[in-house]
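Engineer: My structure is stored as work-v3.cif, with mmCIF, N, CA and C atoms.
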```cif
data_work
loop_
_atom_site.label_atom_id
_atom_site.label_comp_id
_atom_site.auth_asym_id
_atom_site.auth_seq_id
_atom_site.Cartn_x
_atom_site.Cartn_y
_atom_site.Cartn_z
N MET A 1150 0.82 -1.19 0.00
CA MET A 1150 0.00 0.00 0.00
C MET A 1150 0.87 1.26 0.00
N LYS A 1151 1.96 1.22 0.75
CA LYS A 1151 2.86 2.37 0.80
C LYS A 1151 3.51 2.62 -0.55
N LYS A 1152 3.83 1.53 -1.25
CA LYS A 1152 4.45 1.67 -2.58
C LYS A 1152 3.48 2.32 -3.56
N LEU A 1153 2.23 1.92 -3.50
CA LEU A 1153 1.21 2.48 -4.38
C LEU A 1153 1.01 3.97 -4.10
N LEU A 1154 0.95 4.33 -2.85
CA LEU A 1154 0.80 5.74 -2.49
C LEU A 1154 2.01 6.55 -2.94
N ALA A 1155 3.20 6.00 -2.76
CA ALA A 1155 4.42 6.70 -3.19
C ALA A 1155 4.44 6.86 -4.71
N LEU A 1156 3.99 5.86 -5.43
CA LEU A 1156 3.93 5.93 -6.89
C LEU A 1156 2.93 6.99 -7.34
N LEU A 1157 1.77 7.06 -6.71
CA LEU A 1157 0.78 8.07 -7.06
C LEU A 1157 1.29 9.48 -6.77
N VAL A 1158 1.98 9.66 -5.67
CA VAL A 1158 2.55 10.97 -5.34
C VAL A 1158 3.61 11.34 -6.38
N LEU A 1159 4.43 10.41 -6.78
CA LEU A 1159 5.46 10.66 -7.79
C LEU A 1159 4.84 11.05 -9.13
N VAL A 1160 3.83 10.32 -9.56
CA VAL A 1160 3.16 10.62 -10.82
C VAL A 1160 2.51 11.99 -10.77
N PHE A 1161 1.83 12.30 -9.69
CA PHE A 1161 1.17 13.60 -9.55
C PHE A 1161 2.19 14.73 -9.56
N THR A 1162 3.31 14.54 -8.87
CA THR A 1162 4.35 15.56 -8.82
C THR A 1162 4.94 15.81 -10.21
N CYS A 1163 5.21 14.77 -10.94
CA CYS A 1163 5.75 14.93 -12.30
C CYS A 1163 4.75 15.62 -13.21
N GLN A 1164 3.49 15.28 -13.08
CA GLN A 1164 2.47 15.90 -13.92
C GLN A 1164 2.36 17.38 -13.63
N VAL A 1165 2.39 17.76 -12.38
CA VAL A 1165 2.28 19.17 -12.01
C VAL A 1165 3.53 19.94 -12.42
N ALA A 1166 4.68 19.31 -12.30
CA ALA A 1166 5.95 19.99 -12.58
C ALA A 1166 6.10 20.31 -14.07
N PHE A 1167 5.58 19.47 -14.95
CA PHE A 1167 5.81 19.65 -16.38
C PHE A 1167 4.57 20.11 -17.15
N CYS A 1168 3.52 20.48 -16.46
CA CYS A 1168 2.31 20.91 -17.16
C CYS A 1168 2.48 22.31 -17.74
N GLN A 1169 1.72 22.59 -18.77
CA GLN A 1169 1.74 23.88 -19.42
C GLN A 1169 0.33 24.45 -19.43
N THR A 1170 0.25 25.75 -19.46
CA THR A 1170 -1.06 26.37 -19.56
C THR A 1170 -1.51 26.37 -21.01
N TYR A 1171 -2.77 26.64 -21.21
CA TYR A 1171 -3.34 26.69 -22.56
C TYR A 1171 -2.61 27.71 -23.41
N ASP A 1172 -2.34 28.88 -22.84
CA ASP A 1172 -1.68 29.95 -23.59
C ASP A 1172 -0.26 29.55 -24.01
N GLU A 1173 0.46 28.83 -23.15
CA GLU A 1173 1.81 28.39 -23.49
C GLU A 1173 1.79 27.41 -24.66
N VAL A 1174 0.85 26.50 -24.65
CA VAL A 1174 0.74 25.52 -25.74
C VAL A 1174 0.41 26.23 -27.05
N ILE A 1175 -0.56 27.14 -27.02
CA ILE A 1175 -0.95 27.87 -28.22
C ILE A 1175 0.22 28.69 -28.76
N ASN A 1176 0.92 29.40 -27.88
CA ASN A 1176 2.03 30.23 -28.32
C ASN A 1176 3.19 29.40 -28.87
N ASN A 1177 3.37 28.19 -28.37
CA ASN A 1177 4.45 27.33 -28.87
C ASN A 1177 4.18 26.86 -30.30
N PHE A 1178 2.92 26.62 -30.64
CA PHE A 1178 2.63 25.98 -31.91
C PHE A 1178 2.02 26.88 -32.97
N LYS A 1179 1.49 28.06 -32.63
CA LYS A 1179 0.79 28.85 -33.64
C LYS A 1179 1.73 29.48 -34.66
N GLU A 1180 3.00 29.60 -34.36
CA GLU A 1180 3.95 30.19 -35.32
C GLU A 1180 4.67 29.14 -36.17
N LYS A 1181 4.43 27.86 -35.91
CA LYS A 1181 5.10 26.80 -36.66
C LYS A 1181 4.49 26.66 -38.05
N GLU A 1182 5.30 26.22 -38.97
CA GLU A 1182 4.86 26.03 -40.35
C GLU A 1182 3.89 24.84 -40.43
N GLY A 1183 2.81 25.01 -41.15
CA GLY A 1183 1.83 23.94 -41.33
C GLY A 1183 0.78 23.88 -40.24
N VAL A 1184 0.79 24.83 -39.31
CA VAL A 1184 -0.18 24.86 -38.22
C VAL A 1184 -1.13 26.02 -38.45
N GLU A 1185 -2.41 25.76 -38.32
CA GLU A 1185 -3.42 26.80 -38.50
C GLU A 1185 -4.08 27.08 -37.16
N PHE A 1186 -4.16 28.34 -36.77
CA PHE A 1186 -4.75 28.76 -35.51
C PHE A 1186 -6.08 29.44 -35.79
N THR A 1187 -7.14 28.92 -35.19
CA THR A 1187 -8.46 29.50 -35.34
C THR A 1187 -9.05 29.71 -33.96
N GLU A 1188 -9.42 30.94 -33.66
CA GLU A 1188 -10.02 31.24 -32.35
C GLU A 1188 -11.54 31.20 -32.50
N ILE A 1189 -12.19 30.43 -31.63
CA ILE A 1189 -13.64 30.29 -31.66
C ILE A 1189 -14.20 31.00 -30.44
N PRO A 1190 -15.14 31.93 -30.64
CA PRO A 1190 -15.73 32.66 -29.50
C PRO A 1190 -16.46 31.72 -28.54
N LYS A 1191 -16.44 32.07 -27.25
CA LYS A 1191 -17.10 31.24 -26.23
C LYS A 1191 -18.60 31.13 -26.49
N MET A 1192 -19.22 32.20 -26.99
CA MET A 1192 -20.66 32.17 -27.26
C MET A 1192 -20.99 31.12 -28.31
N LEU A 1193 -20.19 31.02 -29.34
CA LEU A 1193 -20.42 30.03 -30.39
C LEU A 1193 -20.25 28.61 -29.85
N LEU A 1194 -19.25 28.41 -28.99
CA LEU A 1194 -19.04 27.09 -28.39
C LEU A 1194 -20.22 26.71 -27.50
N SER A 1195 -20.71 27.65 -26.72
CA SER A 1195 -21.84 27.34 -25.84
C SER A 1195 -23.09 27.01 -26.64
N MET A 1196 -23.29 27.66 -27.78
CA MET A 1196 -24.44 27.35 -28.65
C MET A 1196 -24.28 25.96 -29.24
N ALA A 1197 -23.07 25.58 -29.60
CA ALA A 1197 -22.84 24.28 -30.21
C ALA A 1197 -23.02 23.15 -29.19
N LEU A 1198 -22.67 23.39 -27.93
CA LEU A 1198 -22.78 22.35 -26.91
C LEU A 1198 -24.20 22.17 -26.39
N SER A 1199 -25.07 23.14 -26.61
CA SER A 1199 -26.44 22.99 -26.09
C SER A 1199 -27.37 22.37 -27.09
#
```
Now that the file is in, can you turn its structure into structure tokens?

Structural biologist:
Amino acid sequence: MKKLLALLVLVFTCQVAFCQTYDEVINNFKEKEGVEFTEIPKMLLSMALS
């Protein structure tokens, strides 16, 4: 049980340490060749989901 808990803590720590925000991901890839960036308004998304 202790090993499982230690493994879960390790996985969670690694995930938090290397995560990126949405803006960082977008900024990393929107200037690359062959990538198209399209911004969709929140109102349009909410209409599509309902």

Engineer: Please determine an axis-aligned box that encloses all atoms of segment 1163-1172 of chain A listed in the file, with 4 Å added on each side, and express its centre and edge lengths in Å to one decimal as lines of an AutoDock Vina configuration file.

Structural biologist:
```
center_x = 1.4
center_y = 22.4
center_z = -17.5
size_x = 17.4
size_y = 23.2
size_z = 21.1
```

Engineer: Select from chain A everything DSSP, run on the backbone, classes as alpha helix (DSSP H), then give the selection as a PyMOL selection string.

Structural biologist: chain A and resi 1151-1167+1171-1178+1191-1198

Engineer: To one decimal in Å, tell me the separation between atom CA of Gln1169 of chain A and atom CA of Ala1155 of chain A.

Structural biologist: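 If I compute the distance from atom CA of Gln1169 of chain A to atom CA of Ala1155 of chain A, I get 23.8 Å.
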
Engineer: Residues at most 12 Å from Ile1175 of chain A, counting only C-alpha atoms, excluding those fewer than 2 positions away in the same chain, as a list in words?

Structural biologist: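 Counting only C-alpha atoms, the residues come to Gln1169, Thr1170, Tyr1171, Asp1172, Glu1173, Asn1177, Phe1178, Lys1179, Glu1180, Lys1181, Val1184, Glu1185, Phe1186, Thr1187 and Glu1188 of chain A.
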
Engineer: What does the distance from atom CA of Ile1189 of chain A to atom CA of Cys1168 of chain A come to in Å, to one decimal?

Structural biologist: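 Atom-to-atom, atom CA of Ile1189 of chain A and atom CA of Cys1168 of chain A are spaced 23.5 Å apart.
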
Engineer: In Å, how far is it from atom C of Ala1197 of chain A to atom CA of Asn1176 of chain A?

Structural biologist: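 Value for the atom C of Ala1197 of chain A-atom CA of Asn1176 of chain A distance: 26.0 Å.
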
Engineer: Reconstruct all heavy atoms of segment 1177-1188 of chain A from the incomplete input and present them as a compact mmCIF listing (two decimals), in the coordinates of the input.

Structural biologist:
```
# COMPACT_ATOMS: atom_id res chain seq x y z
N ASN A 1177 3.37 28.19 -28.37
CA ASN A 1177 4.45 27.33 -28.87
C ASN A 1177 4.18 26.86 -30.30
O ASN A 1177 5.10 26.69 -31.09
CB ASN A 1177 4.63 26.11 -27.98
CG ASN A 1177 5.34 26.43 -26.69
OD1 ASN A 1177 6.03 27.44 -26.59
ND2 ASN A 1177 5.17 25.60 -25.70
N PHE A 1178 2.92 26.62 -30.64
CA PHE A 1178 2.63 25.98 -31.91
C PHE A 1178 2.02 26.88 -32.97
O PHE A 1178 2.02 26.54 -34.15
CB PHE A 1178 1.70 24.78 -31.69
CG PHE A 1178 2.38 23.65 -31.00
CD1 PHE A 1178 2.14 23.39 -29.66
CD2 PHE A 1178 3.28 22.85 -31.66
CE1 PHE A 1178 2.78 22.37 -29.01
CE2 PHE A 1178 3.93 21.81 -31.03
CZ PHE A 1178 3.68 21.57 -29.70
N LYS A 1179 1.49 28.06 -32.63
CA LYS A 1179 0.79 28.85 -33.64
C LYS A 1179 1.73 29.48 -34.66
O LYS A 1179 1.30 29.85 -35.74
CB LYS A 1179 -0.10 29.90 -32.99
CG LYS A 1179 0.58 31.09 -32.38
CD LYS A 1179 -0.47 32.04 -31.83
CE LYS A 1179 0.15 33.26 -31.22
NZ LYS A 1179 -0.86 34.15 -30.66
N GLU A 1180 3.00 29.60 -34.36
CA GLU A 1180 3.95 30.19 -35.32
C GLU A 1180 4.67 29.14 -36.17
O GLU A 1180 5.42 29.48 -37.06
CB GLU A 1180 4.99 31.02 -34.56
CG GLU A 1180 4.40 32.17 -33.76
CD GLU A 1180 3.71 33.20 -34.65
OE1 GLU A 1180 4.15 33.42 -35.79
OE2 GLU A 1180 2.71 33.79 -34.18
N LYS A 1181 4.43 27.86 -35.91
CA LYS A 1181 5.10 26.80 -36.66
C LYS A 1181 4.49 26.66 -38.05
O LYS A 1181 3.32 26.92 -38.27
CB LYS A 1181 4.99 25.47 -35.91
CG LYS A 1181 5.57 25.50 -34.53
CD LYS A 1181 6.69 24.59 -34.41
CE LYS A 1181 7.17 24.67 -32.97
NZ LYS A 1181 8.45 24.21 -32.77
N GLU A 1182 5.30 26.22 -38.97
CA GLU A 1182 4.86 26.03 -40.35
C GLU A 1182 3.89 24.84 -40.43
O GLU A 1182 4.12 23.80 -39.83
CB GLU A 1182 6.07 25.77 -41.24
CG GLU A 1182 5.74 25.69 -42.70
CD GLU A 1182 6.98 25.50 -43.57
OE1 GLU A 1182 8.07 25.92 -43.14
OE2 GLU A 1182 6.84 24.91 -44.64
N GLY A 1183 2.81 25.01 -41.15
CA GLY A 1183 1.83 23.94 -41.33
C GLY A 1183 0.78 23.88 -40.24
O GLY A 1183 -0.04 22.98 -40.22
N VAL A 1184 0.79 24.83 -39.31
CA VAL A 1184 -0.18 24.86 -38.22
C VAL A 1184 -1.13 26.02 -38.45
O VAL A 1184 -0.71 27.13 -38.76
CB VAL A 1184 0.54 25.02 -36.86
CG1 VAL A 1184 -0.47 25.19 -35.74
CG2 VAL A 1184 1.43 23.83 -36.59
N GLU A 1185 -2.41 25.76 -38.32
CA GLU A 1185 -3.42 26.80 -38.50
C GLU A 1185 -4.08 27.08 -37.16
O GLU A 1185 -4.50 26.16 -36.46
CB GLU A 1185 -4.47 26.34 -39.50
CG GLU A 1185 -5.51 27.38 -39.80
CD GLU A 1185 -6.48 26.92 -40.87
OE1 GLU A 1185 -6.08 26.11 -41.71
OE2 GLU A 1185 -7.62 27.37 -40.84
N PHE A 1186 -4.16 28.34 -36.77
CA PHE A 1186 -4.75 28.76 -35.51
C PHE A 1186 -6.08 29.44 -35.79
O PHE A 1186 -6.15 30.40 -36.55
CB PHE A 1186 -3.81 29.73 -34.78
CG PHE A 1186 -4.36 30.29 -33.51
CD1 PHE A 1186 -4.48 29.49 -32.39
CD2 PHE A 1186 -4.79 31.59 -33.45
CE1 PHE A 1186 -5.00 30.01 -31.22
CE2 PHE A 1186 -5.30 32.12 -32.28
CZ PHE A 1186 -5.40 31.33 -31.17
N THR A 1187 -7.14 28.92 -35.19
CA THR A 1187 -8.46 29.50 -35.34
C THR A 1187 -9.05 29.71 -33.96
O THR A 1187 -9.16 28.76 -33.18
CB THR A 1187 -9.39 28.58 -36.15
OG1 THR A 1187 -8.78 28.29 -37.39
CG2 THR A 1187 -10.73 29.22 -36.38
N GLU A 1188 -9.42 30.94 -33.66
CA GLU A 1188 -10.02 31.24 -32.35
C GLU A 1188 -11.54 31.20 -32.50
O GLU A 1188 -12.11 31.83 -33.38
CB GLU A 1188 -9.58 32.61 -31.88
CG GLU A 1188 -9.98 32.90 -30.46
CD GLU A 1188 -9.32 34.16 -29.94
OE1 GLU A 1188 -8.31 34.60 -30.49
OE2 GLU A 1188 -9.85 34.71 -28.95
```
